[in-house]
file data_29.cif (mmCIF, C-alpha atoms)
data_input
#
loop_
_atom_site.label_atom_id
_atom_site.label_comp_id
_atom_site.auth_asym_id
_atom_site.auth_seq_id
_atom_site.Cartn_x
_atom_site.Cartn_y
_atom_site.Cartn_z
CA MET Z 1 87.26 143.79 121.80
CA CYS Z 2 89.92 143.18 119.18
CA LEU Z 3 89.05 139.71 117.96
CA ALA Z 4 87.32 140.32 114.66
CA ILE Z 5 86.10 137.91 112.04
CA PRO Z 6 84.54 138.46 108.61
CA ALA Z 7 80.90 139.58 108.49
CA ARG Z 8 78.60 139.42 105.46
CA VAL Z 9 76.52 142.49 104.61
CA VAL Z 10 72.88 141.38 104.48
CA GLU Z 11 70.96 144.64 104.11
CA ILE Z 12 71.90 148.30 103.77
CA ARG Z 13 69.97 150.58 106.17
CA ASP Z 14 69.69 154.31 106.85
CA GLU Z 15 72.36 156.58 108.28
CA GLY Z 16 75.32 154.43 107.28
CA MET Z 17 74.03 151.39 109.16
CA ALA Z 18 73.62 147.86 107.81
CA LEU Z 19 72.43 144.46 108.89
CA VAL Z 20 75.37 142.04 108.93
CA GLU Z 21 75.76 138.36 109.61
CA VAL Z 22 78.63 136.73 111.51
CA GLU Z 23 78.56 132.95 111.64
CA GLY Z 24 74.79 132.86 111.38
CA VAL Z 25 74.15 135.64 113.91
CA ARG Z 26 72.68 138.88 112.57
CA ARG Z 27 73.17 142.30 114.08
CA GLU Z 28 73.35 145.95 113.12
CA ALA Z 29 76.70 147.52 112.33
CA SER Z 30 77.99 150.78 110.89
CA LEU Z 31 79.21 150.94 107.30
CA ALA Z 32 79.96 154.65 107.60
CA LEU Z 33 83.70 154.17 107.03
CA VAL Z 34 83.79 151.63 104.16
CA GLU Z 35 82.25 151.26 100.71
CA ALA Z 36 80.40 147.95 100.74
CA ASP Z 37 77.34 146.39 99.13
CA VAL Z 38 75.05 143.53 100.01
CA ASP Z 39 76.97 140.21 100.05
CA ASP Z 40 80.33 141.91 100.47
CA TYR Z 41 82.38 140.81 103.48
CA VAL Z 42 83.74 143.33 105.96
CA ILE Z 43 85.85 143.22 109.11
CA LEU Z 44 83.98 144.63 112.12
CA HIS Z 45 85.57 146.13 115.18
CA VAL Z 46 83.27 147.13 118.05
CA GLY Z 47 80.32 147.46 115.71
CA ILE Z 48 82.01 149.40 112.93
CA ALA Z 49 83.26 148.02 109.62
CA ILE Z 50 86.90 149.07 109.22
CA THR Z 51 87.70 147.36 105.91
CA ARG Z 52 86.03 145.48 103.08
CA LEU Z 53 87.59 142.14 102.16
CA ASP Z 54 88.87 141.91 98.59
CA GLU Z 55 88.00 138.56 97.02
CA ALA Z 56 90.49 138.84 94.14
CA GLU Z 57 93.31 139.48 96.64
CA ALA Z 58 92.16 136.52 98.76
CA GLU Z 59 92.27 134.23 95.70
CA ARG Z 60 95.69 135.58 94.77
CA THR Z 61 97.04 134.91 98.27
CA LEU Z 62 95.68 131.37 98.29
CA SER Z 63 97.08 130.50 94.87
CA MET Z 64 100.44 132.00 95.86
CA LEU Z 65 100.48 129.91 99.05
CA ARG Z 66 99.60 126.76 97.12
CA LYS Z 67 102.39 127.50 94.67
CA VAL Z 68 104.91 128.13 97.43
CA VAL Z 69 104.12 124.94 99.29
CA GLY Z 70 103.65 122.85 96.15
CA GLY Z 71 107.27 123.48 95.15
CA ASP Z 72 108.99 120.73 97.10
CA GLU Z 73 106.72 118.00 98.33
CA LYS Z 74 109.69 115.80 99.21
CA GLU Z 75 110.61 117.98 102.17
CA ASN Z 76 107.17 117.66 103.67
CA THR Z 77 106.76 113.96 103.74
CA ALA Z 78 108.33 113.43 107.14
CA MET T 1 85.01 132.17 99.29
CA LYS T 2 84.22 131.33 102.91
CA TRP T 3 86.99 133.66 104.16
CA MET T 4 88.09 131.42 107.04
CA ASP T 5 88.09 127.73 106.10
CA GLU T 6 90.43 128.29 103.15
CA PHE T 7 92.96 129.97 105.42
CA ARG T 8 92.76 127.17 107.99
CA ASP T 9 93.42 124.39 105.47
CA ARG T 10 95.32 121.63 107.25
CA ASP T 11 97.47 120.60 104.27
CA LEU T 12 98.49 124.19 103.66
CA VAL T 13 99.38 124.62 107.33
CA VAL T 14 101.52 121.46 107.36
CA SER T 15 103.28 122.41 104.12
CA LEU T 16 103.95 125.95 105.33
CA LEU T 17 105.45 124.58 108.55
CA GLY T 18 107.69 122.41 106.36
CA ARG T 19 108.79 125.43 104.34
CA ILE T 20 109.51 127.36 107.53
CA ASP T 21 111.60 124.45 108.80
CA THR T 22 113.57 124.42 105.52
CA ALA T 23 114.08 128.19 105.65
CA CYS T 24 115.68 128.04 109.11
CA MET T 25 119.43 128.43 108.98
CA ASP T 26 121.81 127.62 111.81
CA ARG T 27 120.67 130.43 114.09
CA ARG T 28 117.75 131.57 116.23
CA TYR T 29 114.96 133.84 115.04
CA ARG T 30 113.16 136.01 117.57
CA LEU T 31 109.96 137.29 116.02
CA MET T 32 107.56 139.59 117.83
CA GLU T 33 103.86 139.37 117.13
CA PHE T 34 102.80 142.87 118.10
CA CYS T 35 99.09 142.22 118.33
CA GLY T 36 97.33 140.43 121.20
CA GLY T 37 94.95 138.89 118.67
CA HIS T 38 97.94 137.23 117.02
CA THR T 39 99.23 135.97 120.39
CA HIS T 40 95.84 134.40 120.97
CA ALA T 41 95.74 132.83 117.47
CA LEU T 42 99.28 131.42 117.77
CA TYR T 43 98.29 129.64 120.98
CA ARG T 44 94.82 128.65 119.83
CA TYR T 45 96.13 126.86 116.73
CA SER T 46 99.11 125.38 118.64
CA LEU T 47 101.47 127.12 116.23
CA ILE T 48 103.94 127.99 118.98
CA GLU T 49 104.53 124.27 119.59
CA ALA T 50 104.44 123.40 115.90
CA LEU T 51 107.09 125.92 114.84
CA PRO T 52 110.71 124.76 114.67
CA GLU T 53 112.73 125.37 117.82
CA ALA T 54 114.83 127.95 116.06
CA VAL T 55 111.79 130.25 115.75
CA GLU T 56 110.84 131.93 119.01
CA MET T 57 107.67 133.99 119.12
CA VAL T 58 107.94 136.96 121.47
CA HIS T 59 104.67 138.54 122.56
CA GLY T 60 104.29 142.25 122.00
CA PRO T 61 102.42 145.11 123.67
CA GLY T 62 99.42 145.05 121.32
CA CYS T 63 96.80 144.42 123.96
CA PRO T 64 95.05 147.72 124.75
CA VAL T 65 93.80 146.62 128.15
CA CYS T 66 97.32 145.54 129.12
CA VAL T 67 99.14 148.74 128.20
CA LEU T 68 96.74 151.03 130.05
CA PRO T 69 98.39 152.11 133.32
CA ALA T 70 96.53 151.40 136.56
CA GLY T 71 96.06 155.13 137.20
CA ARG T 72 93.75 155.46 134.19
CA ILE T 73 91.53 152.72 135.65
CA ASP T 74 91.44 154.63 138.96
CA MET T 75 90.45 157.79 137.07
CA ALA T 76 87.53 155.87 135.52
CA ILE T 77 86.54 154.50 138.94
CA ASP T 78 86.51 158.06 140.34
CA LEU T 79 84.14 159.07 137.53
CA VAL T 80 81.67 156.42 138.63
CA ARG T 81 81.46 158.16 142.02
CA HIS T 82 79.75 161.16 140.36
CA ARG T 83 76.11 160.58 141.15
CA ASP T 84 74.67 161.16 137.70
CA VAL T 85 77.39 159.36 135.72
CA VAL T 86 76.76 156.14 133.78
CA LEU T 87 80.12 154.77 132.70
CA CYS T 88 80.11 152.58 129.58
CA THR T 89 83.01 150.46 128.45
CA TYR T 90 84.05 147.14 126.91
CA GLY T 91 83.67 143.97 128.98
CA ASP T 92 87.44 143.43 129.09
CA MET T 93 87.90 146.58 131.17
CA LEU T 94 85.66 145.62 134.06
CA ARG T 95 87.99 143.26 135.92
CA VAL T 96 91.28 145.09 135.39
CA PRO T 97 92.70 146.03 138.80
CA GLY T 98 93.45 149.72 139.32
CA GLY T 99 96.22 150.96 141.59
CA ARG T 100 94.08 150.99 144.75
CA GLY T 101 92.92 147.39 144.70
CA GLU T 102 89.61 148.27 143.06
CA SER T 103 88.22 147.52 139.62
CA LEU T 104 85.23 148.88 137.71
CA PHE T 105 83.51 145.64 138.63
CA SER T 106 83.98 146.28 142.35
CA ALA T 107 82.92 149.92 141.83
CA ARG T 108 79.70 148.60 140.32
CA ALA T 109 79.23 146.19 143.20
CA SER T 110 79.39 149.15 145.59
CA GLY T 111 76.64 150.94 143.75
CA GLY T 112 78.32 152.68 140.80
CA GLU T 113 76.62 152.71 137.40
CA VAL T 114 78.96 150.79 135.11
CA ARG T 115 77.58 149.28 131.93
CA MET T 116 79.23 146.98 129.44
CA VAL T 117 78.70 147.94 125.79
CA TYR T 118 79.63 146.22 122.57
CA SER T 119 80.15 149.43 120.63
CA PRO T 120 80.61 153.13 121.49
CA LEU T 121 77.56 153.77 119.31
CA ASP T 122 75.53 151.88 121.93
CA ALA T 123 76.73 154.41 124.50
CA VAL T 124 75.52 157.26 122.29
CA ASP T 125 72.10 155.57 122.05
CA MET T 126 72.07 155.24 125.82
CA ALA T 127 72.78 158.97 126.22
CA GLU T 128 69.84 159.72 123.93
CA ARG T 129 67.55 157.53 126.01
CA MET T 130 68.75 158.88 129.39
CA PRO T 131 68.78 162.69 129.06
CA ASP T 132 69.00 163.20 132.83
CA ARG T 133 72.19 161.12 133.20
CA GLN T 134 75.76 161.84 132.10
CA VAL T 135 76.88 158.97 129.90
CA VAL T 136 80.67 158.61 129.71
CA PHE T 137 82.31 156.21 127.30
CA PHE T 138 85.64 154.89 128.66
CA ALA T 139 87.47 154.51 125.35
CA VAL T 140 90.49 152.24 125.04
CA GLY T 141 92.23 150.56 122.15
CA PHE T 142 94.62 151.00 119.27
CA GLU T 143 93.63 152.17 115.79
CA THR T 144 91.14 149.30 115.40
CA THR T 145 88.69 150.73 117.95
CA ALA T 146 89.58 154.43 117.61
CA PRO T 147 87.49 154.87 114.41
CA ALA T 148 84.41 153.64 116.30
CA THR T 149 85.00 156.17 119.10
CA ALA T 150 85.50 158.86 116.45
CA LEU T 151 82.21 157.93 114.84
CA ALA T 152 80.46 158.04 118.23
CA LEU T 153 81.84 161.53 118.97
CA ASP T 154 80.76 162.73 115.55
CA ARG T 155 77.29 161.29 115.97
CA ALA T 156 76.91 162.76 119.47
CA ARG T 157 77.79 166.19 118.10
CA ALA T 158 75.40 165.81 115.15
CA LEU T 159 72.64 164.89 117.64
CA GLY T 160 73.55 167.86 119.83
CA LEU T 161 73.85 165.63 122.90
CA ARG T 162 74.87 167.48 126.06
CA ASN T 163 75.12 164.39 128.24
CA PHE T 164 77.66 162.30 126.31
CA THR T 165 81.42 162.44 126.80
CA VAL T 166 84.43 160.24 126.07
CA PHE T 167 87.25 159.44 128.49
CA CYS T 168 89.79 158.96 125.73
CA ASN T 169 92.65 156.46 126.14
CA HIS T 170 93.32 155.54 122.54
CA VAL T 171 96.94 154.65 121.83
CA LEU T 172 98.97 154.38 118.64
CA THR T 173 100.81 151.40 117.23
CA VAL T 174 103.84 152.90 115.51
CA PRO T 175 105.20 154.79 118.57
CA ALA T 176 104.88 151.59 120.63
CA MET T 177 106.72 149.61 117.97
CA ARG T 178 109.46 152.26 117.97
CA ALA T 179 109.75 151.95 121.76
CA ILE T 180 110.26 148.20 121.42
CA ALA T 181 112.81 148.68 118.63
CA ASP T 182 114.60 151.35 120.71
CA ASP T 183 115.20 148.66 123.34
CA GLY T 184 117.63 147.14 120.86
CA GLU T 185 119.69 144.54 122.68
CA GLU T 186 117.20 143.81 125.45
CA ALA T 187 114.33 142.65 123.31
CA ALA T 188 116.73 141.49 120.56
CA ILE T 189 114.03 141.03 117.96
CA ASP T 190 114.80 140.01 114.38
CA GLY T 191 111.44 140.78 112.81
CA ILE T 192 107.89 141.87 113.55
CA ILE T 193 104.51 140.40 112.64
CA GLY T 194 102.45 143.54 112.00
CA PRO T 195 98.89 143.81 113.33
CA GLY T 196 96.48 143.05 110.47
CA HIS T 197 93.48 145.09 111.51
CA VAL T 198 95.36 148.11 112.82
CA THR T 199 97.09 148.14 109.44
CA ALA T 200 93.75 147.91 107.62
CA VAL T 201 93.08 151.32 109.20
CA ILE T 202 96.50 153.03 109.11
CA GLY T 203 97.91 151.37 105.96
CA SER T 204 101.07 149.29 105.60
CA GLU T 205 103.09 152.39 104.59
CA ALA T 206 102.82 153.60 108.18
CA PHE T 207 105.42 151.02 109.22
CA ALA T 208 108.07 152.17 106.74
CA PRO T 209 110.12 153.94 109.47
CA ILE T 210 110.45 150.66 111.41
CA ALA T 211 112.15 149.03 108.43
CA THR T 212 114.28 152.02 107.45
CA ASP T 213 115.23 153.41 110.90
CA TYR T 214 115.72 150.13 112.73
CA ARG T 215 116.45 147.68 109.91
CA LEU T 216 113.61 145.45 111.16
CA PRO T 217 111.47 143.58 108.64
CA VAL T 218 107.72 143.79 109.22
CA ALA T 219 105.19 141.35 107.74
CA ILE T 220 101.53 142.33 108.08
CA ALA T 221 99.46 139.26 108.91
CA GLY T 222 95.84 138.19 109.15
CA PHE T 223 94.52 136.06 112.00
CA GLU T 224 94.13 132.61 110.45
CA PRO T 225 96.89 130.00 110.78
CA THR T 226 98.07 130.19 107.15
CA ASP T 227 98.16 134.01 107.43
CA LEU T 228 100.51 133.83 110.40
CA LEU T 229 102.71 131.10 108.93
CA ALA T 230 103.02 132.90 105.59
CA ALA T 231 104.10 136.05 107.45
CA ILE T 232 106.66 134.09 109.48
CA LEU T 233 108.03 132.54 106.27
CA VAL T 234 108.50 135.90 104.53
CA LEU T 235 110.19 137.27 107.65
CA LEU T 236 112.66 134.34 107.67
CA HIS T 237 113.44 134.93 104.00
CA GLN T 238 114.11 138.62 104.64
CA ILE T 239 116.19 137.96 107.74
CA ASN T 240 118.27 135.34 105.88
CA ALA T 241 118.87 137.79 103.05
CA GLY T 242 119.71 140.64 105.46
CA GLU T 243 116.78 142.67 104.19
CA ALA T 244 114.29 144.86 106.06
CA ARG T 245 111.09 145.64 104.18
CA ILE T 246 107.38 145.99 104.90
CA GLU T 247 105.56 143.04 103.40
CA ASN T 248 101.78 142.82 103.24
CA ALA T 249 100.80 139.19 103.81
CA TYR T 250 97.16 140.17 104.45
CA ALA T 251 96.32 141.73 101.09
CA ARG T 252 92.62 140.81 101.24
CA ALA T 253 92.09 143.28 104.11
CA VAL T 254 95.05 145.65 104.02
CA THR T 255 96.22 148.27 101.52
CA ALA T 256 99.26 150.53 101.51
CA LYS T 257 97.18 153.60 102.38
CA GLY T 258 94.67 152.03 104.76
CA ASN T 259 91.17 153.36 105.43
CA GLU T 260 91.42 157.02 104.44
CA GLN T 261 87.85 157.79 105.49
CA ALA T 262 88.61 156.54 108.98
CA ALA T 263 91.88 158.48 109.07
CA ALA T 264 90.13 161.71 108.04
CA LEU T 265 87.48 161.29 110.73
CA MET T 266 90.08 160.51 113.41
CA ASN T 267 92.06 163.62 112.39
CA LYS T 268 88.92 165.68 112.87
CA VAL T 269 87.81 164.46 116.29
CA PHE T 270 91.13 163.55 117.94
CA ALA T 271 94.38 165.41 118.57
CA LEU T 272 97.73 163.92 119.57
CA ARG T 273 98.64 164.04 123.25
CA GLN T 274 102.12 165.43 123.79
CA CYS T 275 102.93 162.45 125.97
CA PHE T 276 101.14 159.39 127.34
CA ALA T 277 102.26 156.93 130.01
CA TRP T 278 102.00 153.28 128.91
CA ARG T 279 102.16 150.33 131.22
CA GLY T 280 105.46 148.65 130.49
CA LEU T 281 106.70 151.15 127.91
CA GLY T 282 106.70 154.30 130.06
CA GLU T 283 106.11 157.83 128.76
CA LEU T 284 105.98 157.92 124.97
CA GLU T 285 105.74 161.14 123.00
CA ALA T 286 102.88 161.62 120.53
CA SER T 287 101.65 158.10 121.21
CA ALA T 288 97.99 158.62 122.13
CA PHE T 289 94.86 160.53 121.16
CA LYS T 290 92.87 163.02 123.17
CA VAL T 291 89.57 164.61 122.17
CA ALA T 292 90.23 167.53 119.79
CA ASP T 293 89.51 171.12 120.90
CA GLU T 294 86.67 171.35 118.40
CA TYR T 295 84.95 168.53 120.32
CA ALA T 296 85.96 169.77 123.80
CA GLY T 297 82.33 169.63 124.99
CA PHE T 298 82.52 165.85 124.58
CA ASP T 299 85.75 165.38 126.51
CA ALA T 300 85.15 163.74 129.90
CA GLU T 301 88.54 164.90 131.22
CA GLN T 302 87.44 168.52 130.72
CA ARG T 303 83.80 168.18 131.75
CA PHE T 304 84.60 166.43 135.02
CA GLY T 305 87.94 168.17 135.68
CA MET T 306 89.70 164.81 135.90
CA ASP T 307 93.18 164.83 137.43
CA ASP T 308 95.87 162.48 136.15
CA LEU T 309 96.47 159.68 138.63
CA GLU T 310 99.59 157.57 138.73
CA HIS T 311 99.93 154.24 140.42
CA ALA T 312 102.68 151.71 140.30
CA ASP T 313 101.84 148.18 139.27
CA HIS T 314 101.69 145.42 141.87
CA ARG T 315 105.31 144.91 142.88
CA ALA T 316 105.38 141.18 142.15
CA CYS T 317 103.83 141.62 138.70
CA ARG T 318 106.19 141.53 135.74
CA CYS T 319 103.73 142.78 133.11
CA ALA T 320 106.19 145.47 132.09
CA GLU T 321 108.82 142.96 130.97
CA VAL T 322 106.22 140.72 129.35
CA LEU T 323 104.86 143.68 127.38
CA ARG T 324 108.34 144.63 126.17
CA GLY T 325 109.06 141.12 124.95
CA GLN T 326 111.79 140.65 127.57
CA MET T 327 110.07 137.90 129.52
CA GLN T 328 107.81 135.01 128.61
CA PRO T 329 104.66 134.82 130.80
CA ARG T 330 105.68 131.47 132.32
CA ASP T 331 108.92 133.03 133.64
CA CYS T 332 107.07 135.61 135.76
CA PRO T 333 107.38 134.56 139.44
CA VAL T 334 103.64 134.95 140.09
CA PHE T 335 102.38 133.39 136.83
CA ALA T 336 99.66 130.82 137.58
CA THR T 337 100.36 131.03 141.31
CA ALA T 338 99.41 134.41 142.82
CA CYS T 339 98.24 135.67 139.41
CA THR T 340 95.51 133.74 137.60
CA PRO T 341 92.59 134.75 135.36
CA GLU T 342 90.27 134.49 138.40
CA HIS T 343 92.52 136.65 140.58
CA PRO T 344 94.71 138.70 138.26
CA LEU T 345 97.48 140.88 139.67
CA GLY T 346 98.37 142.35 136.31
CA ALA T 347 96.49 143.38 133.21
CA CYS T 348 98.19 140.81 130.96
CA MET T 349 96.29 138.11 132.87
CA VAL T 350 92.92 139.89 132.64
CA SER T 351 92.34 140.62 129.01
CA SER T 352 91.52 137.72 126.73
CA GLU T 353 94.16 139.20 124.41
CA GLY T 354 96.80 139.43 127.11
CA ALA T 355 99.90 137.27 126.72
CA CYS T 356 99.62 135.83 130.24
CA ALA T 357 95.93 134.95 129.82
CA ALA T 358 96.71 133.18 126.53
CA ALA T 359 99.67 131.33 128.07
CA PHE T 360 97.55 130.33 131.07
CA ARG T 361 94.71 129.08 128.93
CA TYR T 362 96.70 127.15 126.36
CA GLU T 363 100.12 126.39 127.77
CA HIS T 364 99.78 126.06 131.52
CA ARG T 365 99.67 122.46 132.72
CA PRO T 366 98.86 122.34 136.43
CA ALA T 367 100.92 119.81 138.35
CA GLU T 368 99.13 116.48 138.45
CA VAL T 369 97.23 115.82 141.64
CA GLU T 370 98.03 112.48 143.17
CA ALA T 371 95.04 110.23 143.50
#

call {"tool": "encode", "arguments": {"input": "data_29.cif", "output": "C-alpha cells"}}
result
Amino acid sequence: MCLAIPARVVEIRDEGMALVEVEGVRREASLALVEADVDDYVILHVGIAITRLDEAEAERTLSMLRKVVGGDEKENTA
Amino acid sequence: MKWMDEFRDRDLVVSLLGRIDTACMDRRYRLMEFCGGHTHALYRYSLIEALPEAVEMVHGPGCPVCVLPAGRIDMAIDLVRHRDVVLCTYGDMLRVPGGRGESLFSARASGGEVRMVYSPLDAVDMAERMPDRQVVFFAVGFETTAPATALALDRARALGLRNFTVFCNHVLTVPAMRAIADDGEEAAIDGIIGPGHVTAVIGSEAFAPIATDYRLPVAIAGFEPTDLLAAILVLLHQINAGEARIENAYARAVTAKGNEQAAALMNKVFALRQCFAWRGLGELEASAFKVADEYAGFDAEQRFGMDDLEHADHRACRCAEVLRGQMQPRDCPVFATACTPEHPLGACMVSSEGACAAAFRYEHRPAEVEA
C-alpha cells in the first residue's frame, strides 16, 4: 500500500478525478489534493495524488549528484 | 525526464558508493531508514551489501501493517461477524494474524464479507452501490494513506451516505520517531533516513524537533537507489561534522511545508487520539488519528460500539525489537524457521514492507540440500 511510483496525468475528469498512467497502465485517480495538469507527474498513494513532481528540482538534484561524484574520479576506479 | 531511470543510473550509483566509502571515518555509522518502502528498496537494489561495512542500516517502524497491534486486527474480525457488514481494506491486512490465531482471511473463509480494495474511494463507491449493507473501511497507514481516508470520509458525507464508516487506525510518523530517539542507548542511532512520501504530505519542517531535541540528523530520501545513497552521504557528512540538521534529498517531491491542502482536510476530518498502542513501541501519546466529532456518524468505533481489545504478540516473535531497530530480522530465533511469509507469526513477516519479509525475500539463503 505504500510503494508508490510516478504517474503521468493523461486526462482531467470531473469531481477532482483524472485518468493517470503508471508504466503503461491507465487508471482513475483523485487529483483533489494537488494542483496538476495533463502531462504532469504525480505520486499516487492508494488512488490519491499526494504530490506533484517538480521537474526543475529533479534536474537540479541530478546535476548536483553528477557534480558531487564527478569531483574525484581517481577514488572510484577500484 | 523519465523520473526513474535517471535516478537508477548505474554509474551514478557506483560513484556515490565510492563517495560514501571515502566519507567513512574510523568508526561505525548506524543509520535508521524509518520507512518500510526504503527497507524494501535497500534490499531490492542490493545496497545493504554494497555499502561499506562501517555503515549499518537499521530498519525502522515505518511499516503500518507491522506497527498495528494484534488487538486491532481482532476488533476488525469482530466487525465482520455483524451480519450486514462488508469490511474493506488493503490486501496487506488480510493475512496478518490477530491475537486469537485468526486473520481477516480466515474470517472470510468462514463466511465473513471481507473485500480487498485499492483505495478507500472504492469503498465509498461500494457503499453507494450496496445501500442495504454497512460498508466499513478498515483504515491503516501513516500520513501517506491518511489523506485518502480523509477524502473518502469527506466524500461519504457529501453524498449523505448512512452506510459507510471508517475503522480508523492511522498513525503519525513524528511521535514514532521520537519514541525511537527516546530509546537513546538501546537503538544507538546516528542518523535517520526520513520517509519521502510521508514528508511530501507533512513537510520536511515537521522533523525539526528530531534534529533540535535529539541532535539526530535527518535526510529525507526518495525511493530510487541514487536517492537513498545521496541521503546516506549527506548524513555521513553531518555526522562527521557533529551537525544535526534536516536535509531534503528528495526535492522533486518534497517541500518544507508539505501538502497544505491534505493537511487542512486531515485537520477537518480527524482528531488526535490521546494515546494509541503501537506494536513494538507501546503506548504513545498523540500518535494516532481518530474520526473527528464532526464526522462521528462515519466512525465505525461509535456506530458498532467497538471495545478496545488487547492481545500480546506470539511469545516467540521478536517483532517489537525489530521495529525498534534493536534487532536485525535474521537474529530473531524464529526467523525463516517457525516464521515465514507463508506462515507468519509476526506482522513484520506479513507485509511486503515489513523488515522480516524483505530480509527473507532478499537476504535469506536456505541451507543447501544435499543431492

call {"tool": "closest_atom_pairs", "arguments": {"input": "data_29.cif", "of": "chain T", "to": "chain Z", "cutoff": "8 Å", "atoms": "only C-alpha atoms", "output": "Markdown table"}}
result
| residue | atom | partner | partner_atom | distance |
| --- | --- | --- | --- | --- |
| T:Met1 | CA | Z:Glu55 | CA | 7.4 |
| T:Trp3 | CA | Z:Pro6 | CA | 7.0 |
| T:Glu6 | CA | Z:Leu62 | CA | 7.8 |
| T:Phe7 | CA | Z:Leu62 | CA | 7.8 |
| T:Leu12 | CA | Z:Arg66 | CA | 7.1 |
| T:Val14 | CA | Z:Asn76 | CA | 7.7 |
| T:Ser15 | CA | Z:Val69 | CA | 5.5 |
| T:Leu16 | CA | Z:Val69 | CA | 6.1 |
| T:Gly18 | CA | Z:Asn76 | CA | 5.5 |
| T:Arg19 | CA | Z:Val69 | CA | 6.9 |
| T:Thr22 | CA | Z:Glu75 | CA | 7.8 |
| T:Gly37 | CA | Z:Leu3 | CA | 6.0 |
| T:Tyr90 | CA | Z:Met1 | CA | 6.9 |
| T:Asp92 | CA | Z:Met1 | CA | 7.3 |
| T:Tyr118 | CA | Z:Val46 | CA | 5.9 |
| T:Ser119 | CA | Z:Val46 | CA | 4.7 |
| T:Pro120 | CA | Z:Val46 | CA | 7.4 |
| T:Leu121 | CA | Z:Gly47 | CA | 7.8 |
| T:Thr144 | CA | Z:His45 | CA | 6.4 |
| T:Thr145 | CA | Z:His45 | CA | 6.2 |
| T:Pro147 | CA | Z:Ile50 | CA | 7.8 |
| T:Ala148 | CA | Z:Ile48 | CA | 5.9 |
| T:Ala200 | CA | Z:Thr51 | CA | 6.3 |
| T:Val201 | CA | Z:Ile50 | CA | 6.6 |
| T:Ala230 | CA | Z:Leu65 | CA | 7.6 |
| T:Ala249 | CA | Z:Thr61 | CA | 7.9 |
| T:Ala251 | CA | Z:Glu57 | CA | 5.8 |
| T:Arg252 | CA | Z:Asp54 | CA | 4.7 |
| T:Ala253 | CA | Z:Leu53 | CA | 5.0 |
| T:Val254 | CA | Z:Thr51 | CA | 7.8 |
| T:Asn259 | CA | Z:Thr51 | CA | 6.9 |
| T:Gln261 | CA | Z:Leu33 | CA | 5.7 |
| T:Ala262 | CA | Z:Leu33 | CA | 5.8 |
| T:Glu353 | CA | Z:Cys2 | CA | 7.8 |

call {"tool": "write_last_selection", "arguments": {"input": "data_29.cif", "atoms": "C-alpha atoms", "output": "PDB file, in the frame of the given file"}}
result
ATOM      1  CA  MET T   1      85.010 132.170  99.290  1.00  0.00           C
ATOM      2  CA  TRP T   3      86.990 133.660 104.160  1.00  0.00           C
ATOM      3  CA  GLU T   6      90.430 128.290 103.150  1.00  0.00           C
ATOM      4  CA  PHE T   7      92.960 129.970 105.420  1.00  0.00           C
ATOM      5  CA  LEU T  12      98.490 124.190 103.660  1.00  0.00           C
ATOM      6  CA  VAL T  14     101.520 121.460 107.360  1.00  0.00           C
ATOM      7  CA  SER T  15     103.280 122.410 104.120  1.00  0.00           C
ATOM      8  CA  LEU T  16     103.950 125.950 105.330  1.00  0.00           C
ATOM      9  CA  GLY T  18     107.690 122.410 106.360  1.00  0.00           C
ATOM     10  CA  ARG T  19     108.790 125.430 104.340  1.00  0.00           C
ATOM     11  CA  THR T  22     113.570 124.420 105.520  1.00  0.00           C
ATOM     12  CA  GLY T  37      94.950 138.890 118.670  1.00  0.00           C
ATOM     13  CA  TYR T  90      84.050 147.140 126.910  1.00  0.00           C
ATOM     14  CA  ASP T  92      87.440 143.430 129.090  1.00  0.00           C
ATOM     15  CA  TYR T 118      79.630 146.220 122.570  1.00  0.00           C
ATOM     16  CA  SER T 119      80.150 149.430 120.630  1.00  0.00           C
ATOM     17  CA  PRO T 120      80.610 153.130 121.490  1.00  0.00           C
ATOM     18  CA  LEU T 121      77.560 153.770 119.310  1.00  0.00           C
ATOM     19  CA  THR T 144      91.140 149.300 115.400  1.00  0.00           C
ATOM     20  CA  THR T 145      88.690 150.730 117.950  1.00  0.00           C
ATOM     21  CA  PRO T 147      87.490 154.870 114.410  1.00  0.00           C
ATOM     22  CA  ALA T 148      84.410 153.640 116.300  1.00  0.00           C
ATOM     23  CA  ALA T 200      93.750 147.910 107.620  1.00  0.00           C
ATOM     24  CA  VAL T 201      93.080 151.320 109.200  1.00  0.00           C
ATOM     25  CA  ALA T 230     103.020 132.900 105.590  1.00  0.00           C
ATOM     26  CA  ALA T 249     100.800 139.190 103.810  1.00  0.00           C
ATOM     27  CA  ALA T 251      96.320 141.730 101.090  1.00  0.00           C
ATOM     28  CA  ARG T 252      92.620 140.810 101.240  1.00  0.00           C
ATOM     29  CA  ALA T 253      92.090 143.280 104.110  1.00  0.00           C
ATOM     30  CA  VAL T 254      95.050 145.650 104.020  1.00  0.00           C
ATOM     31  CA  ASN T 259      91.170 153.360 105.430  1.00  0.00           C
ATOM     32  CA  GLN T 261      87.850 157.790 105.490  1.00  0.00           C
ATOM     33  CA  ALA T 262      88.610 156.540 108.980  1.00  0.00           C
ATOM     34  CA  GLU T 353      94.160 139.200 124.410  1.00  0.00           C
TER      35      GLU T 353
END

call {"tool": "residues_around", "arguments": {"input": "data_29.cif", "residues": "Arg26 (chain Z)", "least_positions_apart": "3", "cutoff": "12 Å", "atoms": "all atoms listed in the file", "output": "PyMOL selection string"}}
result
chain Z and resi 7-11+18-23+29+47

call {"tool": "atom_distance", "arguments": {"input": "data_29.cif", "atom1": "CA of Met57 (chain T)", "atom2": "CA of His343 (chain T)"}}
result
26.4 Å

call {"tool": "atom_distance", "arguments": {"input": "data_29.cif", "atom1": "CA of Asp78 (chain T)", "atom2": "CA of Gly112 (chain T)"}}
result
9.8 Å

call {"tool": "closest_residue", "arguments": {"input": "data_29.cif", "among": "T:Arg28, T:Arg162, T:Arg361, T:His59", "to": "Cys319 (chain T)", "atoms": "only C-alpha atoms"}}
result
T:His59

call {"tool": "atom_distance", "arguments": {"input": "data_29.cif", "atom1": "CA of Arg215 (chain T)", "atom2": "CA of Phe276 (chain T)"}}
result
26.0 Å

call {"tool": "closest_residue", "arguments": {"input": "data_29.cif", "among": "T:Asp293, T:Asp74, T:Glu363, T:Glu33", "to": "Met177 (chain T)", "atoms": "all atoms listed in the file"}}
result
T:Glu33

call {"tool": "residues_near_point", "arguments": {"input": "data_29.cif", "point": "(85.0, 168.1, 118.4)", "cutoff": "9 Å", "atoms": "only C-alpha atoms", "output": "ChimeraX atom specification"}}
result
/T:153-154,157,268-270,291-299
